[in-house]
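The structure appears right after this line, and notes come after that.
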Amino acid sequence: METADLLKKYDVPVPRYTSYPTVPVWNISINPDQWRKTFNDQFLISNKAHGISLYIHLPFCESLCTYCGCNKKITTNHGVEPEYISAVIREWQMYLKLMQEVPVIREIHLGGGTPTFFTPANLEFLINAILKDAVVHPDANFSLEGHPNNTTREHLETLYRLGFRRVSYGVQDNDPVVQKTINRIQPFENVRRATETAREIGFQSVNFDLIYGLPYQTLSSIRKTVKECISLAPDRFAFYSYAHVPWTSRGQRLFDESDLPSASDKMALYKEGMNTFLENNYQHIGMDHFVLKSDELYQAWEQGTLHRNFMGYTTQYTNLQLGLGVSAISDAVTAFAQNSKALHDYYAHINNGETPVEKGYFLSNEDEVFRKYIKDISCKGETWFQSRYKDLLRSFSFPELEKLQEDGLVNFDEKHARVTSLGRSFIRNICKAFDLHLLKQKSATENKIYSKAI
């Protein structure tokens with residue numbers, strides 16, 4: 001089957017598998033006491049062996065990018081910064097009280113929203129407040145998301161002093177017509193300035209986020225955007241499919257859907273972007289990601305040590321990722337917990353001295369096994385099957401893998417499954433073969449829950 005036909009065949013609603021089970025499966029409530037015990041148990045395991053990861057959600061943006069499905073708060077009032085930072089620090093202090101030893105910080109990621117909405121001084125105050133009661137792991141990896149329009153030299157110098165060495169810029173698209181439509185006016189010169197400044201200061205890795213499938217994108221415009229971005233030689237690209245989910249993201253209702261590329265045009269945009277990356281020595285390592293061979297993600301992928309969590313692909317592995325801030329998600333291996341999504345609810349919990357988790361999921365033994373299959377496929381491109389739950393594999397996974405194998409996307413037998421080079425463009429579809437929650441309720445794929453794979 002031709003690649004274009006495969007893209008069409010597998011362009012179906014599928015999760016992105018930053019977690020398993022995926023968020024729609026989670027309970028609408030969580031027992032805070034049970035979560036705190038699980039956190040504490042996992043902390044004692046992870047802290048000694050690897051250290052812990054922190055994800056800090058900074059939700060504010062000055063303007064609405066209408067394509068965005070993230071949890072964000074739109075305001076031009078920077079007076080909101082101190083209250084929010086104070087709340088995050090107080091949340092961190094709640095978790096410190098649960099820890100029976102000094103935390104070892106292996107990873108920090110500032111996500112948003114727009115982390116560079118905050119002043120450099122406020123970001124410095126936040127990070128110092130966290131690190132003063134912790135030890136930084138010698139192999140620590142600190143990263144941030146930045147907006148090219150408002151990431152200043154002072155931001156980068158401040159964060160560099162605090163140990164940050166990776167920055168990810170949300171570029172999305174360089175075409176003026178597309179930018180106007182998605183309400184993200186961002187001259188390419190700003191991208192160049194932000195990138196060159198980061199390198200001058202000493203940042204070791206620069207990532208660009210690009211999106212295909214946006215309104216008014218064409219083959220020529222996506223090619224121009226990708227080539228312009230490659231001219232700055234970022235270490236890695238995340239080339240995401242635009243997820244049109246207006247039933248959950250109100251800003252997307254501002255689009256006229258007739259301005260979106262058709263399914264076949266969107267697939268052509270993906271192929272054009274992918275081929276341009278490959279022609280310019282970027283390696284396709286898995287779900288949405290293209291990296292230079294000199295980048296540590298590529299080296300981890302080659303060595304089979306790549307890891308994936310709510311922050312995406314990473315070279316760092318810890319058994320505990322603690323999410324701080326509104327809507328932030330924590331991962332304690334056997335449990336997930338998500339903070340309040342509404343800012344006023346988050347503040348209310350913090351002011352009452354309560355852990356602000358409101359939603360979560362405690363994994364069964366079955367979940368843990370199939371979660372490993374999904375993580376192995378997305379990070380290593382292969383997985384070995386355990387004898388435990390082999391009947392479930394035969395009933396649910398193997399029939400899916402047989403279809404994928406017929407199309408040349410995987411090779412598998414009773415003991416092992418391996419993604420082919422062609423299958424790298426279909427990682428989400430291959431992961432679905434191990435998603436028992438989805439396979440047991442196939443009607444879920446027909447409902448408006450997930451974005452399409454391509």
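Going by the structure tokens order, chains are called A, B, ..., each with residues numbered from 1, while ligands are numbered from 1 in the order shown.
The list of residues with at least one atom within 7 Å of A:Pro356, based on only C-alpha atoms and without residues fewer than 6 positions apart in the same chain, reads A:Asn339, A:Ser340, A:Tyr346, A:His349, A:Ile350.
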Let me see the file: selected residues, C-alpha atoms, as a PDB file, in the first residue's frame.
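The file below, out24.pdb, is the result:
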ATOM      1  CA  ASN A 339      -4.719  19.431  39.989  1.00  0.00           C
ATOM      2  CA  SER A 340      -7.817  21.597  39.758  1.00  0.00           C
ATOM      3  CA  TYR A 346      -6.739  25.762  42.722  1.00  0.00           C
ATOM      4  CA  HIS A 349      -7.391  24.393  47.872  1.00  0.00           C
ATOM      5  CA  ILE A 350      -4.035  26.066  48.488  1.00  0.00           C
TER       6      ILE A 350
END
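With distances restricted to only C-alpha atoms, A:Gly325 is the closest residue to A:Asp345 from A:Gly325, A:Gly163, A:Pro215, A:Gly381.
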Identify all residues of stretch 84-311 of chain A in strand (DSSP E) (DSSP on the backbone) and supply them as a PyMOL selection string. chain A and resi 104-112+135-146+164-172+205-212+236-241+283-286+289-291+307-309
Pick from A:Glu366, A:Glu91, A:Ile211, A:Leu393, whichever lies nearest to A:Gln179 using only C-alpha atoms: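 Residue with the minimum atom-to-atom distance to A:Gln179: A:Ile211.
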Residue nearest A:Asp235 - candidates A:His57, A:Leu260, A:Val167, A:Ala194, atoms counted: only C-alpha atoms: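 Selected residue with least distance to A:Asp235: A:Val167.
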